[in-house]
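Containing mmCIF, C-alpha atoms: entry_32.cif.
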```cif
data_protein
#
loop_
_atom_site.label_atom_id
_atom_site.label_comp_id
_atom_site.auth_asym_id
_atom_site.auth_seq_id
_atom_site.Cartn_x
_atom_site.Cartn_y
_atom_site.Cartn_z
CA MET Q 1 40.83 29.65 67.54
CA SER Q 2 41.61 32.54 65.29
CA ASP Q 3 45.22 31.39 64.94
CA THR Q 4 44.07 28.19 63.34
CA HIS Q 5 42.29 30.11 60.59
CA ALA Q 6 45.38 32.08 59.80
CA ILE Q 7 47.35 28.85 59.51
CA HIS Q 8 44.99 27.15 57.12
CA LEU Q 9 44.83 30.17 54.87
CA SER Q 10 48.58 30.47 54.56
CA GLY Q 11 49.74 26.85 54.90
CA GLN Q 12 48.48 23.75 53.17
CA PRO Q 13 46.16 21.54 55.19
CA GLY Q 14 47.26 17.92 55.05
CA HIS Q 15 50.94 18.79 55.10
CA PRO Q 16 51.60 19.42 58.76
CA GLU Q 17 55.31 19.93 58.24
CA GLU Q 18 54.61 22.94 56.08
CA LEU Q 19 52.35 24.61 58.60
CA SER Q 20 53.76 27.94 59.59
CA PHE Q 21 52.69 29.47 62.82
CA HIS Q 22 54.69 32.62 62.32
CA VAL Q 23 52.31 34.27 59.91
CA THR Q 24 53.92 37.43 58.66
CA GLY Q 25 51.93 40.52 59.36
CA ASP Q 26 49.90 38.81 62.09
CA HIS Q 27 49.35 41.41 64.77
CA HIS Q 28 47.21 39.18 66.93
CA PRO Q 29 48.56 39.49 70.48
CA ALA Q 30 50.12 36.27 71.71
CA ASN Q 31 47.88 35.94 74.74
CA SER Q 32 44.90 38.13 74.01
CA THR Q 33 42.76 36.27 76.54
CA LEU Q 34 45.11 37.17 79.36
CA LEU Q 35 45.23 40.79 78.19
CA GLY Q 36 41.44 40.90 77.97
CA PHE Q 37 41.15 39.42 81.43
CA TRP Q 38 43.61 42.00 82.72
CA LEU Q 39 41.36 44.74 81.29
CA TYR Q 40 38.40 43.18 83.13
CA LEU Q 41 40.43 43.24 86.36
CA MET Q 42 41.23 46.90 85.80
CA SER Q 43 37.50 47.67 85.43
CA ASP Q 44 36.91 45.68 88.62
CA CYS Q 45 39.59 47.83 90.19
CA LEU Q 46 37.45 50.90 89.41
CA ILE Q 47 34.46 49.35 91.20
CA PHE Q 48 36.58 48.84 94.28
CA ALA Q 49 38.02 52.37 93.96
CA CYS Q 50 34.47 53.78 94.07
CA LEU Q 51 33.63 51.67 97.13
CA PHE Q 52 36.87 52.73 98.83
CA ALA Q 53 35.98 56.36 98.07
CA VAL Q 54 32.51 55.85 99.59
CA TYR Q 55 34.10 54.37 102.70
CA GLY Q 56 36.64 57.22 102.78
CA VAL Q 57 33.81 59.77 102.76
CA LEU Q 58 31.35 57.99 105.09
CA GLY Q 59 33.71 55.92 107.26
CA ARG Q 60 33.55 58.36 110.18
CA ASN Q 61 29.80 59.02 110.16
CA TYR Q 62 28.80 56.84 113.10
CA ALA Q 63 25.30 58.27 113.73
CA ASP Q 64 25.78 57.65 117.48
CA GLY Q 65 26.45 53.99 116.64
CA PRO Q 66 29.63 52.04 117.31
CA THR Q 67 32.98 53.24 115.99
CA GLY Q 68 35.53 51.14 114.10
CA ALA Q 69 37.60 50.76 117.27
CA GLN Q 70 34.56 49.24 119.02
CA VAL Q 71 33.49 46.70 116.39
CA PHE Q 72 36.73 45.59 114.66
CA GLU Q 73 38.53 42.58 116.10
CA LEU Q 74 42.06 42.94 114.78
CA PRO Q 75 43.25 39.41 115.74
CA VAL Q 76 40.49 37.93 113.56
CA VAL Q 77 41.41 40.31 110.73
CA ALA Q 78 45.08 39.30 111.11
CA LEU Q 79 44.08 35.62 110.86
CA ASN Q 80 41.91 36.37 107.84
CA THR Q 81 44.76 38.25 106.17
CA SER Q 82 47.15 35.34 106.76
CA LEU Q 83 44.66 32.89 105.24
CA LEU Q 84 44.31 34.98 102.08
CA LEU Q 85 48.06 35.58 101.81
CA LEU Q 86 48.75 31.85 102.25
CA SER Q 87 46.14 31.06 99.59
CA SER Q 88 48.02 33.37 97.22
CA ILE Q 89 51.28 31.46 97.61
CA THR Q 90 49.55 28.07 97.39
CA TYR Q 91 47.95 29.19 94.11
CA GLY Q 92 51.46 30.14 93.01
CA PHE Q 93 52.62 26.57 93.82
CA SER Q 94 49.71 25.25 91.80
CA VAL Q 95 50.84 27.35 88.81
CA LEU Q 96 54.40 26.01 89.22
CA GLU Q 97 53.08 22.42 89.18
CA MET Q 98 50.97 23.31 86.13
CA GLN Q 99 54.09 24.53 84.32
CA ARG Q 100 55.66 21.12 84.93
CA ASP Q 101 52.50 19.43 83.58
CA ARG Q 102 51.79 17.59 86.82
CA VAL Q 103 48.02 17.16 87.11
CA ARG Q 104 48.06 15.71 90.64
CA GLY Q 105 50.24 18.43 92.16
CA THR Q 106 48.20 21.14 90.46
CA LEU Q 107 44.94 19.72 91.82
CA ILE Q 108 46.31 19.27 95.36
CA TRP Q 109 47.55 22.87 95.58
CA LEU Q 110 44.30 24.12 94.03
CA ALA Q 111 42.33 22.24 96.69
CA ILE Q 112 44.48 23.75 99.47
CA THR Q 113 43.95 27.20 97.94
CA GLY Q 114 40.19 26.62 97.85
CA LEU Q 115 40.14 25.49 101.50
CA LEU Q 116 42.10 28.57 102.60
CA GLY Q 117 39.69 30.76 100.63
CA ALA Q 118 36.74 28.97 102.25
CA GLY Q 119 38.29 29.59 105.67
CA PHE Q 120 38.58 33.29 104.80
CA ILE Q 121 34.91 33.45 103.77
CA PHE Q 122 33.88 31.55 106.92
CA LEU Q 123 35.68 34.00 109.23
CA GLU Q 124 34.27 36.98 107.33
CA LEU Q 125 30.69 35.66 107.45
CA ARG Q 126 31.14 34.98 111.19
CA GLU Q 127 32.23 38.59 111.67
CA PHE Q 128 29.22 39.85 109.70
CA ALA Q 129 26.80 37.58 111.62
CA HIS Q 130 28.31 38.78 114.89
CA LEU Q 131 27.81 42.45 113.90
CA ILE Q 132 24.24 41.92 112.72
CA ALA Q 133 23.35 39.96 115.88
CA GLU Q 134 24.43 42.98 117.94
CA HIS Q 135 22.16 45.25 115.83
CA ASN Q 136 25.19 46.72 114.10
CA GLY Q 137 24.06 45.70 110.63
CA PRO Q 138 24.45 47.80 107.47
CA GLN Q 139 21.38 49.89 108.38
CA ARG Q 140 22.89 51.11 111.66
CA SER Q 141 25.05 53.97 110.33
CA ALA Q 142 26.69 55.29 107.19
CA PHE Q 143 29.98 53.87 108.47
CA LEU Q 144 28.54 50.35 108.73
CA SER Q 145 26.70 50.66 105.39
CA SER Q 146 29.90 51.51 103.55
CA PHE Q 147 31.85 48.89 105.53
CA PHE Q 148 29.43 46.08 104.66
CA THR Q 149 29.30 47.14 101.00
CA LEU Q 150 33.08 47.28 100.52
CA VAL Q 151 34.05 44.18 102.52
CA GLY Q 152 30.97 42.29 101.28
CA THR Q 153 31.81 43.00 97.63
CA HIS Q 154 35.32 41.67 98.19
CA GLY Q 155 33.91 38.59 99.95
CA LEU Q 156 31.52 38.02 97.06
CA HIS Q 157 34.47 38.12 94.64
CA VAL Q 158 36.35 35.53 96.72
CA THR Q 159 33.21 33.34 96.81
CA PHE Q 160 32.93 33.41 93.02
CA GLY Q 161 36.68 32.78 92.81
CA ILE Q 162 36.18 29.58 94.86
CA ILE Q 163 33.29 28.47 92.60
CA TRP Q 164 35.53 29.11 89.56
CA LEU Q 165 38.36 27.21 91.24
CA ILE Q 166 36.17 24.14 91.84
CA THR Q 167 34.96 24.30 88.21
CA LEU Q 168 38.56 24.36 87.00
CA MET Q 169 39.50 21.45 89.28
CA VAL Q 170 36.74 19.39 87.62
CA GLN Q 171 37.89 20.48 84.16
CA VAL Q 172 41.54 19.71 84.85
CA GLY Q 173 40.49 16.37 86.35
CA GLN Q 174 38.55 15.45 83.20
CA LYS Q 175 40.67 16.89 80.39
CA GLY Q 176 44.08 17.18 82.01
CA LEU Q 177 46.41 20.13 81.60
CA ILE Q 178 45.54 20.99 78.01
CA HIS Q 179 46.40 24.44 76.71
CA GLU Q 180 42.87 25.77 77.28
CA ASN Q 181 42.91 24.68 80.92
CA LYS Q 182 46.31 26.27 81.44
CA ARG Q 183 44.97 29.53 80.05
CA ARG Q 184 41.97 29.33 82.39
CA LEU Q 185 44.21 28.58 85.34
CA MET Q 186 46.32 31.66 84.52
CA CYS Q 187 43.18 33.82 84.36
CA LEU Q 188 42.05 32.56 87.77
CA SER Q 189 45.59 33.11 89.05
CA MET Q 190 45.36 36.78 88.06
CA PHE Q 191 41.88 37.02 89.61
CA TRP Q 192 43.01 35.42 92.87
CA HIS Q 193 46.14 37.54 93.27
CA PHE Q 194 44.11 40.63 92.34
CA LEU Q 195 41.69 39.90 95.20
CA ASP Q 196 44.67 39.68 97.54
CA VAL Q 197 45.81 43.13 96.32
CA VAL Q 198 42.32 44.52 97.05
CA TRP Q 199 42.43 42.90 100.49
CA VAL Q 200 45.71 44.72 101.23
CA GLY Q 201 43.75 47.94 100.67
CA VAL Q 202 40.85 46.69 102.81
CA PHE Q 203 42.85 45.67 105.86
CA SER Q 204 44.97 48.83 105.72
CA PHE Q 205 42.33 51.43 104.85
CA VAL Q 206 39.27 49.94 106.58
CA TYR Q 207 40.54 47.98 109.56
CA LEU Q 208 43.94 49.37 110.59
CA MET Q 209 43.01 52.99 109.86
CA GLY Q 210 39.43 52.47 111.07
CA VAL Q 211 40.50 51.67 114.63
CA GLN Q 212 42.46 54.94 114.88
CA PRO Q 213 40.64 57.53 117.00
CA MET O 1 56.65 42.31 68.08
CA SER O 2 58.68 41.24 71.03
CA GLY O 3 56.60 38.08 71.46
CA HIS O 4 57.89 36.61 68.20
CA VAL O 5 61.47 37.17 69.20
CA ASP O 6 60.76 35.39 72.47
CA SER O 7 59.23 32.36 70.82
CA HIS O 8 62.21 31.93 68.54
CA GLY O 9 64.51 32.07 71.52
CA HIS O 10 62.61 29.48 73.49
CA GLY O 11 61.58 27.25 70.64
CA GLY O 12 64.59 25.02 71.08
CA HIS O 13 64.31 23.84 74.64
CA ASP O 14 60.53 23.92 74.98
CA GLN O 15 60.25 20.58 73.22
CA HIS O 16 57.14 19.39 75.05
CA HIS O 17 55.20 22.46 73.97
CA ASP O 18 55.75 21.90 70.30
CA ASP O 19 53.24 19.08 70.00
CA HIS O 20 50.48 21.52 70.89
CA GLY O 21 51.14 23.25 67.62
CA HIS O 22 51.06 26.63 69.27
CA GLY O 23 54.53 27.74 68.43
CA HIS O 24 53.69 31.39 68.20
CA GLU O 25 51.00 31.29 70.85
CA HIS O 26 53.78 30.28 73.18
CA HIS O 27 53.40 30.02 76.92
CA ASP O 28 56.12 32.48 77.77
CA ASP O 29 53.96 35.58 77.82
CA GLY O 30 51.79 34.66 80.76
CA ILE O 31 51.82 30.93 81.37
CA GLY O 32 55.51 30.22 81.37
CA HIS O 33 57.63 32.43 83.53
CA SER O 34 56.61 31.91 87.13
CA THR O 35 59.40 30.64 89.34
CA PHE O 36 59.48 29.22 92.86
CA LYS O 37 62.05 31.82 93.84
CA GLY O 38 59.88 34.68 92.57
CA TYR O 39 56.83 33.48 94.50
CA MET O 40 58.86 32.96 97.69
CA ILE O 41 60.48 36.42 97.52
CA GLY O 42 57.03 37.94 97.01
CA PHE O 43 55.52 35.91 99.84
CA VAL O 44 58.25 36.75 102.38
CA LEU O 45 58.09 40.45 101.47
CA ALA O 46 54.28 40.41 101.71
CA VAL O 47 54.38 38.72 105.14
CA ILE O 48 56.85 41.33 106.44
CA LEU O 49 54.88 44.21 104.94
CA THR O 50 51.66 42.84 106.47
CA ALA O 51 53.08 42.02 109.91
CA ILE O 52 54.68 45.43 110.56
CA PRO O 53 51.51 47.57 110.19
CA PHE O 54 49.42 45.03 112.16
CA TRP O 55 52.02 45.00 114.93
CA LEU O 56 52.24 48.81 114.85
CA VAL O 57 48.47 49.32 115.22
CA MET O 58 47.88 46.49 117.72
CA SER O 59 50.68 47.71 119.99
CA GLY O 60 49.16 51.18 120.18
CA GLY O 61 50.80 52.97 117.27
CA PHE O 62 52.41 56.38 117.30
CA GLN O 63 51.23 59.19 119.55
CA LYS O 64 49.50 60.97 116.69
CA PRO O 65 46.90 58.72 114.99
CA ALA O 66 47.49 60.56 111.72
CA THR O 67 51.13 59.42 111.70
CA THR O 68 50.06 55.79 112.23
CA SER O 69 47.55 56.07 109.37
CA ILE O 70 50.15 57.48 106.99
CA VAL O 71 52.64 54.73 107.87
CA VAL O 72 49.95 52.05 107.39
CA LEU O 73 49.04 53.52 103.99
CA ALA O 74 52.70 53.65 102.95
CA PHE O 75 53.17 49.96 103.83
CA ALA O 76 49.99 49.11 101.90
CA ALA O 77 51.27 50.97 98.83
CA VAL O 78 54.60 49.12 98.92
CA GLN O 79 52.87 45.77 99.45
CA ILE O 80 50.56 46.38 96.49
CA VAL O 81 53.62 46.98 94.30
CA VAL O 82 55.22 43.77 95.63
CA HIS O 83 52.07 41.78 94.82
CA MET O 84 51.93 43.33 91.34
CA ILE O 85 55.52 42.39 90.53
CA TYR O 86 55.91 38.97 92.16
CA PHE O 87 52.36 37.52 92.06
CA LEU O 88 50.75 39.24 89.07
CA HIS O 89 54.08 39.27 87.12
CA MET O 90 53.64 42.85 85.99
CA ASN O 91 56.39 44.32 83.89
CA THR O 92 56.68 46.84 81.10
CA LYS O 93 57.19 44.16 78.42
CA SER O 94 54.28 41.74 78.87
CA GLU O 95 51.67 41.96 76.10
CA GLY O 96 53.85 44.52 74.35
CA GLY O 97 53.31 47.02 77.14
CA TRP O 98 49.48 47.03 76.97
CA ASN O 99 49.21 45.54 80.45
CA MET O 100 51.25 48.36 81.92
CA LEU O 101 49.39 50.99 79.90
CA ALA O 102 46.02 49.73 81.15
CA LEU O 103 47.37 49.61 84.71
CA ILE O 104 48.69 53.19 84.58
CA PHE O 105 45.41 54.43 83.10
CA THR O 106 43.45 52.65 85.84
CA MET O 107 45.74 53.99 88.57
CA VAL O 108 45.17 57.55 87.31
CA LEU O 109 41.38 57.02 87.41
CA VAL O 110 41.59 55.42 90.88
CA LEU O 111 43.63 58.33 92.21
CA ILE O 112 41.20 60.89 90.77
CA THR O 113 38.20 58.96 92.16
CA LEU O 114 39.66 58.52 95.64
CA SER O 115 41.34 61.86 96.24
CA GLY O 116 38.63 63.79 94.38
CA SER O 117 35.76 62.22 96.33
CA ILE O 118 37.41 62.61 99.70
CA TRP O 119 38.55 66.18 98.96
CA VAL O 120 35.21 67.40 97.61
CA MET O 121 33.10 65.70 100.27
CA TYR O 122 35.34 66.92 103.09
CA HIS O 123 34.94 70.54 102.01
CA MET O 124 31.23 70.07 101.45
CA ASP O 125 30.81 68.75 105.00
CA HIS O 126 32.88 71.67 106.19
CA ASN O 127 30.90 74.33 104.34
CA MET O 128 27.46 72.87 105.02
CA MET O 129 27.73 72.83 108.80
CA PRO O 130 24.38 73.74 110.44
CA SER O 131 25.97 76.64 112.30
CA MET O 132 27.20 78.16 109.06
CA MET O 133 23.77 77.75 107.47
CA MET O 134 22.24 79.66 110.37
CA ARG O 135 24.71 82.51 109.96
CA GLU O 136 23.95 82.71 106.25
CA MET O 137 20.24 82.88 107.05
CA GLN O 138 20.79 85.75 109.50
CA ASN O 139 22.71 87.73 106.93
CA LEU O 140 19.80 87.60 104.51
CA PRO O 141 17.92 90.87 104.17
#
```
Go ahead and express the file in the form of structure tokens.
Amino acid sequence: MSDTHAIHLSGQPGHPEELSFHVTGDHHPANSTLLGFWLYLMSDCLIFACLFAVYGVLGRNYADGPTGAQVFELPVVALNTSLLLLSSITYGFSVLEMQRDRVRGTLIWLAITGLLGAGFIFLELREFAHLIAEHNGPQRSAFLSSFFTLVGTHGLHVTFGIIWLITLMVQVGQKGLIHENKRRLMCLSMFWHFLDVVWVGVFSFVYLMGVQP
Amino acid sequence: MSGHVDSHGHGGHDQHHDDHGHGHEHHDDGIGHSTFKGYMIGFVLAVILTAIPFWLVMSGGFQKPATTSIVVLAFAAVQIVVHMIYFLHMNTKSEGGWNMLALIFTMVLVLITLSGSIWVMYHMDHNMMPSMMMREMQNLP
């Protein structure tokens, strides 16, 4: 870590009590990884903004195909939304356990979060399979193309989030709650909550506004 | 830097962190300040702000669909702010304000992308109607 270099240059190795971690003139941000990850999320935000704009432009071009009111099942979307919202709070509980350095609690809440995320993906894939089986796949109309692209990209993000979550569970299980793992857990926390924010846009802009005549 | 002031203030009672040897890379910036209360407030607010628009749309909504859409969008905007504050722990002080600066910059770009695309494409659809093209053709010498 770059901090370590700064320490050894200024302090004397071998005399731990003289190590100073408050190097004067050090402008290294305290949590540059989290800031960098935040910048990544902001760039991800731009991807979703473009896809939302595409849906906003093409969302009403049905090409004689089905409309949003005909294909969207709001009860399923409501269930999906609850799953993702619940997974957000369970990840929050996992972070709280992590702050108290409890490995078991952290892992249990992470597992619950992963299961809720998997349930979300399952329901979404079922919806997609249902649409494609009725010949309402992405090639049917501009509306369905933009719908599949936007919702599919979000689903892909959640899928990778789950893979990341499992990886972190293995790492925490092997190494415990060391500082590096805490940092990784905080990055995934930001990623997971960010996906929930995007989903708020999806269920409002795509589903709830899409069923309006 | 505000981070240094923080670490001095918390150095005393964060005894178990000291053995990491990361006194100045303290956990307070991102890893340390989540609370149960904060998450619960955010969760309850998010549930309310999700349930109302779903109930509104599923029970038929207002007479004018445009009104329903605007209300749904307003609830979404408020809920996004709630998520930002209570789940993503956004504030003007974290990372010395760089978080907030990046967020504001992104929001400006998102607004330009969304409103610009929808505005331009709406008018293009409007002005490129087949009927209008025909009229233009007739006016040609």
Subject >> Answer key for the PyMOL selection byres ((chain O and resi 66) around 12), residues as a PyMOL selection string >> reply: (chain Q and resi 208-213) or (chain O and resi 57+61-65+67-73)
**OP:** Identify all residues satisfying the PyMOL selection byres ((chain Q and resi 144) around 12) in the given file; provide them as a PyMOL selection string.
**Re:** chain Q and resi 54-55+58-68+70-72+128+131-132+135-143+145-152+206+210
**OP:** Evaluate the PyMOL selection byres ((chain O and resi 99) around 12) on the structure here and hand back the selected residues as a ChimeraX atom specification.
**Re:** /Q:29,31-42 /O:29-30,84,88-98,100-106
Do you know which residues are at most 12 Å from His157 of chain Q counting all atoms listed in the file, after dropping those on the same chain fewer than 2 positions away, and could you put them as a PDB file with C-alpha atoms, keeping the file's coordinate frame?
```pdb
ATOM      1  CA  LEU Q  41      40.430  43.240  86.360  1.00  0.00           C
ATOM      2  CA  ASP Q  44      36.910  45.680  88.620  1.00  0.00           C
ATOM      3  CA  CYS Q  45      39.590  47.830  90.190  1.00  0.00           C
ATOM      4  CA  ILE Q  47      34.460  49.350  91.200  1.00  0.00           C
ATOM      5  CA  PHE Q  48      36.580  48.840  94.280  1.00  0.00           C
ATOM      6  CA  GLY Q 117      39.690  30.760 100.630  1.00  0.00           C
ATOM      7  CA  PHE Q 120      38.580  33.290 104.800  1.00  0.00           C
ATOM      8  CA  ILE Q 121      34.910  33.450 103.770  1.00  0.00           C
ATOM      9  CA  LEU Q 150      33.080  47.280 100.520  1.00  0.00           C
ATOM     10  CA  VAL Q 151      34.050  44.180 102.520  1.00  0.00           C
ATOM     11  CA  GLY Q 152      30.970  42.290 101.280  1.00  0.00           C
ATOM     12  CA  THR Q 153      31.810  43.000  97.630  1.00  0.00           C
ATOM     13  CA  HIS Q 154      35.320  41.670  98.190  1.00  0.00           C
ATOM     14  CA  GLY Q 155      33.910  38.590  99.950  1.00  0.00           C
ATOM     15  CA  THR Q 159      33.210  33.340  96.810  1.00  0.00           C
ATOM     16  CA  PHE Q 160      32.930  33.410  93.020  1.00  0.00           C
ATOM     17  CA  GLY Q 161      36.680  32.780  92.810  1.00  0.00           C
ATOM     18  CA  ILE Q 162      36.180  29.580  94.860  1.00  0.00           C
ATOM     19  CA  ILE Q 163      33.290  28.470  92.600  1.00  0.00           C
ATOM     20  CA  TRP Q 164      35.530  29.110  89.560  1.00  0.00           C
ATOM     21  CA  LEU Q 188      42.050  32.560  87.770  1.00  0.00           C
ATOM     22  CA  PHE Q 191      41.880  37.020  89.610  1.00  0.00           C
ATOM     23  CA  TRP Q 192      43.010  35.420  92.870  1.00  0.00           C
ATOM     24  CA  HIS Q 193      46.140  37.540  93.270  1.00  0.00           C
ATOM     25  CA  PHE Q 194      44.110  40.630  92.340  1.00  0.00           C
ATOM     26  CA  LEU Q 195      41.690  39.900  95.200  1.00  0.00           C
ATOM     27  CA  ASP Q 196      44.670  39.680  97.540  1.00  0.00           C
ATOM     28  CA  VAL Q 198      42.320  44.520  97.050  1.00  0.00           C
ATOM     29  CA  TRP Q 199      42.430  42.900 100.490  1.00  0.00           C
TER      30      TRP Q 199
END
```
Subject >> Proximity to Phe203 of chain Q - best of Q:Ala49, Q:Leu116, Q:Ala78, Q:Val57, only C-alpha atoms >> reply: Q:Ala78
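The interatomic distance for the pair atom CA of Lys37 of chain O and atom CA of Val81 of chain O works out to 17.4 Å.
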**OP:** One decimal, Å: what's the distance from atom CA of Val103 of chain Q over to atom CA of Tyr39 of chain O, could you say?
**Re:** 20.0 Å
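For the atom pair formed by atom CA of Asp125 of chain O and atom CA of Ile112 of chain O, the distance is 19.3 Å, given to one decimal.
Nearest to chain O of all the residues Q:Leu107, Q:Leu84, Q:Ala69, Q:Met186 is Q:Met186, based on only C-alpha atoms.
Distances from O:Thr113, O:Ser34, O:Thr50, O:Ser59 to Leu46 of chain Q were compared using all atoms listed in the file, and the smallest one belongs to O:Thr113.
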Subject >> Which of O:Leu114, O:Leu45, O:Val78, O:Ile52 sits closest to chain Q [using only C-alpha atoms] >> reply: O:Leu114
**OP:** Quick one: residues within 10 Å of (43.0, 42.1, 107.4) (file frame), counting only C-alpha atoms, please, as a ChimeraX atom specification.
**Re:** /Q:73-85,199-208 /O:50,54
As JSON: centre and edge lengths in Å, one decimal, of the axis-aligned box holding segment 153-165 of chain Q with 5 Å per side:
```
{"center_x": 34.9, "center_y": 35.1, "center_z": 94.8, "size_x": 16.8, "size_y": 25.8, "size_z": 20.4}
```
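Minimum atom-to-atom distance to chain Q, evaluated using only C-alpha atoms, belongs to O:Ile118 out of O:Leu56, O:Ile118, O:Ile41, O:Met128.
Between Met107 of chain O and the residues O:Phe75, O:Ile85, O:Met121, O:Ile80, the shortest atom-to-atom distance, using all atoms listed in the file, involves O:Ile80.
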